[in-house]
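**Student:** Encoded as structure tokens, here's the structure I'll be asking about.
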Amino acid sequence: MFKNIYKGKKVLITGHTGFKGSWLTSWLLKLGAEVHGFSVDYPSDPSMFLELKIEDRIHHHLGDVRDKELVHKIVHDTKPDFVFHLAAQALVSISYSDPVDTIETNVMGTANMLDALRTAEFPCTAIFITSDKCYENVEWVYGYKETDQIGGRDIYSGSKGAAEVIFHSYYYSFFKDKKSNIRLASARAGNVIGGGDWAKDRLVPDCMKAWSKGGQVTIRSPKATRPWQHVMEPLSGYLNLGMQLSLDESLHGESFNFGPRSEYNHTVLTLLKELSTYWKYEDSNDAFTITDNIPFHEAGLLKLNCDKALFYMKWQPTLDFETLIKFVGEWYYSFYKSKDNIVDITNNQIEQYENLAIDQSIQWAIS
């Protein structure tokens, strides 16, 4: 897997206590990495990080990415071989109630990590994770390419677009025109779902909390189309990008999209009907109600063009929509109903994902 490049290496993950960070940490531990985590808190209750008892298996640090001196200290004390910068305020709803915090975390947090790497005297490969919402969304039917306009019509999107601008500004100012120990790339993905997500005002977590009690969930924008993907899909992209960037200097300073195949775009309604089957609803319409009360702007259509990742890194999605639903449904049902060992469930799904990638001869899995 990934040319065994992470085995025995020090990997610093910011935002490691979050949903995506917990999955990435679990996968890197399976790959034999020495993981160092840096997060401000445990962002949800329940918390996947705490349920998996990850703290006992890594170097765990609590701190705020807005604290420049602390970010510098963590980076320079750890001297990581790889950095995956995931730390962010990740919720659109919170960006409306606390826009300044969102901007400070997503923009200045990125700047602080870049600045810490700017002064580093050790080699390091760093992947900066933003979002598909960094693009100026005009809701066209085409997937956005890495060369399309950055922007945002809401605070969350604007903060992600600004993080990308800061990333490229630092690259051209400090890392491109001189021999540097640091190699950088940014990665963009969105609408990630999977077991262990309990974030506020997120569709799948809201459903799982309600369905675990036999209740209904209220949804908005049932016809909104999203490029749904399991959390391991973009994580395989990030890990692949980290591997390739460490071996190939030509990818330095580049940005890459990671998303599902275009035929896997489905409406919110389709997703919910498929997921509800794992909760024994005889009629899927009993699982949810639809409201016209939309408290903030949400784009109706947004998808990514991932041709660049395919061309340069031979990366492609692994799961079909049916398997995606199976992974998500079984993880949550096991957590809420069967009381199975959730650590084993998580590791088994990672292994199943790896085996599916091997069966499809996807390059990162067979190298």
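Going through the structure tokens in order, the chains are called A, B, and so on, while each chain numbers its residues from 1 and the ligands are numbered from 1 in the order shown.
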Quick one: everything within 12 Å of range 352-356 of chain A, counting only C-alpha atoms, minus sequence neighbours fewer than 3 positions away in the same chain. Send it as a ChimeraX atom specification.

**Tutor:** /A:1-2,27,30-31,230-233,235-236,317-320,323-324,326-327,344-349,359-367

**Student:** Could you pull the residues within 12 Å of Asp45 in chain A, counting only C-alpha atoms, minus those fewer than 5 positions along the same chain, as a PyMOL selection string?

**Tutor:** chain A and resi 17-19+50-51+196-200+205+209

**Student:** For those residues, write C-alpha atoms to a file as a PDB file, in the first residue's frame.

**Tutor:**
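File result-v8.pdb, as written:
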ATOM      1  CA  THR A  17      -9.895  14.305  16.526  1.00  0.00           C
ATOM      2  CA  GLY A  18     -12.489  15.070  13.861  1.00  0.00           C
ATOM      3  CA  PHE A  19     -14.448  12.622  11.722  1.00  0.00           C
ATOM      4  CA  LEU A  50     -12.859   8.774  21.693  1.00  0.00           C
ATOM      5  CA  GLU A  51     -14.930   5.735  20.722  1.00  0.00           C
ATOM      6  CA  GLY A 196     -18.369   8.033  12.973  1.00  0.00           C
ATOM      7  CA  ASP A 197     -19.587  11.421  11.765  1.00  0.00           C
ATOM      8  CA  TRP A 198     -21.705  13.140  14.424  1.00  0.00           C
ATOM      9  CA  ALA A 199     -21.227  16.749  13.367  1.00  0.00           C
ATOM     10  CA  LYS A 200     -24.022  19.225  13.948  1.00  0.00           C
ATOM     11  CA  PRO A 205     -25.446  12.222  11.390  1.00  0.00           C
ATOM     12  CA  LYS A 209     -29.311   9.948  15.606  1.00  0.00           C
TER      13      LYS A 209
END

**Student:** I need the residues in range 1-197 of chain A that are strand (DSSP E) according to DSSP; give them as a PyMOL selection string.

**Tutor:** chain A and resi 10-14+34-39+59-62+82-85+124-129+182-188+192-193

**Student:** May I have the residues within 12 Å of Ser97 in chain A as a ChimeraX atom specification, using only C-alpha atoms and disregarding those fewer than 3 positions away in the same chain?

**Tutor:** /A:89,91-94,100-102,154-156,295-296

**Student:** List the spatial neighbours of Ala162 in chain A as a list in words - criterion: any atom at most 8 Å away, only C-alpha atoms, same-chain residues fewer than 5 positions off excluded.

**Tutor:**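 With the cut-off at 8 Å, the set is Val107, Cys134 and Gly151 of chain A.
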
**Student:** Could you check the closest approach to Pro227 in chain A for each of A:Arg153, A:Lys337, A:Lys303, A:Arg183 and tell me which residue wins, using only C-alpha atoms?

**Tutor:**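 Looking at the shortest contact to Pro227 in chain A, the residue is A:Lys303.
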
**Student:** Record the distance separating CA of Glu55 in chain A and CA of Glu69 in chain A, expressed in Å with one decimal.

**Tutor:** 23.5 Å

**Student:** Can you work out which one of A:Ala33, A:Ala185, A:Val343, A:Val65 has the shortest atom-to-atom distance to Leu251 in chain A, counting only C-alpha atoms?

**Tutor:**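 Checking each candidate against Leu251 in chain A, we get A:Ala185 as the closest.
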
**Student:** Can you tell me which residues surround Glu136 in chain A at a distance of at most 6 Å, considering only C-alpha atoms, apart from same-chain residues fewer than 5 positions away, and format the answer as number ranges by chain?

**Tutor:** A: 149-152

**Student:** Next, the residues of the selection above should be written as a CSV table (one decimal), in the first residue's frame with C-alpha atoms.

**Tutor:**
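Result file is part-v3.csv:
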chain,number,residue,atom,x,y,z
A,149,GLN,CA,-12.2,30.3,-10.4
A,150,ILE,CA,-11.8,30.3,-6.6
A,151,GLY,CA,-14.5,32.1,-4.6
A,152,GLY,CA,-17.5,31.7,-2.4

**Student:** Running DSSP on the backbone, which parts of range 177-275 of chain A land in alpha helix (DSSP H), as number ranges by chain?

**Tutor:** A: 203-211, 232-247, 268-275

**Student:** Quick one: write out the picked residues with C-alpha atoms as an mmCIF file, in the first residue's frame?

**Tutor:**
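Written output follows (again-v4.cif):
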data_model
loop_
_atom_site.group_PDB
_atom_site.id
_atom_site.type_symbol
_atom_site.label_atom_id
_atom_site.label_comp_id
_atom_site.auth_asym_id
_atom_site.auth_seq_id
_atom_site.Cartn_x
_atom_site.Cartn_y
_atom_site.Cartn_z
ATOM 1 C CA LEU A 203 -27.488 15.125 6.912
ATOM 2 C CA VAL A 204 -26.206 11.626 7.682
ATOM 3 C CA PRO A 205 -25.446 12.222 11.390
ATOM 4 C CA ASP A 206 -28.885 13.778 11.878
ATOM 5 C CA CYS A 207 -30.468 10.724 10.249
ATOM 6 C CA MET A 208 -28.503 8.231 12.324
ATOM 7 C CA LYS A 209 -29.311 9.948 15.606
ATOM 8 C CA ALA A 210 -33.017 9.972 14.769
ATOM 9 C CA TRP A 211 -33.207 6.492 13.262
ATOM 10 C CA MET A 232 -11.945 6.649 2.601
ATOM 11 C CA GLU A 233 -12.189 7.811 -1.021
ATOM 12 C CA PRO A 234 -10.614 11.255 -0.530
ATOM 13 C CA LEU A 235 -8.340 9.869 2.191
ATOM 14 C CA SER A 236 -6.905 7.441 -0.359
ATOM 15 C CA GLY A 237 -6.371 10.487 -2.551
ATOM 16 C CA TYR A 238 -4.601 12.427 0.203
ATOM 17 C CA LEU A 239 -2.366 9.480 1.064
ATOM 18 C CA ASN A 240 -1.656 8.868 -2.609
ATOM 19 C CA LEU A 241 -0.837 12.543 -3.111
ATOM 20 C CA GLY A 242 1.488 12.524 -0.096
ATOM 21 C CA MET A 243 3.283 9.476 -1.478
ATOM 22 C CA GLN A 244 3.572 10.833 -5.021
ATOM 23 C CA LEU A 245 4.624 14.310 -3.917
ATOM 24 C CA SER A 246 7.394 12.928 -1.730
ATOM 25 C CA LEU A 247 8.738 11.021 -4.741
ATOM 26 C CA VAL A 268 -30.523 13.787 -0.965
ATOM 27 C CA LEU A 269 -33.778 11.854 -1.282
ATOM 28 C CA THR A 270 -32.104 8.888 -3.004
ATOM 29 C CA LEU A 271 -29.379 8.744 -0.377
ATOM 30 C CA LEU A 272 -31.866 8.703 2.491
ATOM 31 C CA LYS A 273 -34.088 6.058 0.961
ATOM 32 C CA GLU A 274 -31.104 3.753 0.470
ATOM 33 C CA LEU A 275 -29.649 4.349 3.941
#

**Student:** Which residue gives the smallest distance to Phe288 in chain A among A:Gly215, A:Gly259, A:Gly329, A:Gly161, with only C-alpha atoms counted?

**Tutor:**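 Using only C-alpha atoms, the shortest distance to Phe288 in chain A belongs to A:Gly215.
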
**Student:** Using Å and a single decimal, report how far CA of Ser284 in chain A sits from CA of Glu330 in chain A.

**Tutor:** 17.0 Å

**Student:** Give me the residues within 12 Å of Leu114 in chain A as a ChimeraX atom specification, counting only C-alpha atoms and dropping any in the same chain fewer than 5 places off.

**Tutor:** /A:65,68,71-72,75,83-85,107-109,119-120,124-128,163-164,166-175,182-186

**Student:** Excluding same-chain residues fewer than 2 positions from Leu62 in chain A, what lies within 12 Å of it counting only C-alpha atoms, as a PyMOL selection string?

**Tutor:** chain A and resi 13-17+36-43+55+59-60+64-65+67+70-71+74+87

**Student:** For CA of Ile342 in chain A and CA of Gly214 in chain A, quote the distance in Å rounded to one decimal.

**Tutor:**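 We find that CA of Ile342 in chain A and CA of Gly214 in chain A lie 21.2 Å from each other.
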
**Student:** From the options A:Gly143, A:Lys176, A:Pro46, A:Ser212, which residue's atoms come nearest to Glu263 in chain A, counting only C-alpha atoms?

**Tutor:**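 Residue with the minimum atom-to-atom distance to Glu263 in chain A: A:Gly143.
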
**Student:** Rank A:Phe311, A:Tyr333, A:Trp23, A:Tyr135 by their smallest atom-to-atom distance to Lys280 in chain A, using only C-alpha atoms, and report the top residue only.

**Tutor:** A:Tyr333

**Student:** Would you mind telling me which residue in A:Leu12, A:Ile103, A:Val138, A:Leu302 lies nearest to Pro80 in chain A when using only C-alpha atoms?

**Tutor:**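 Of the candidates, the smallest distance to Pro80 in chain A is held by A:Leu12.
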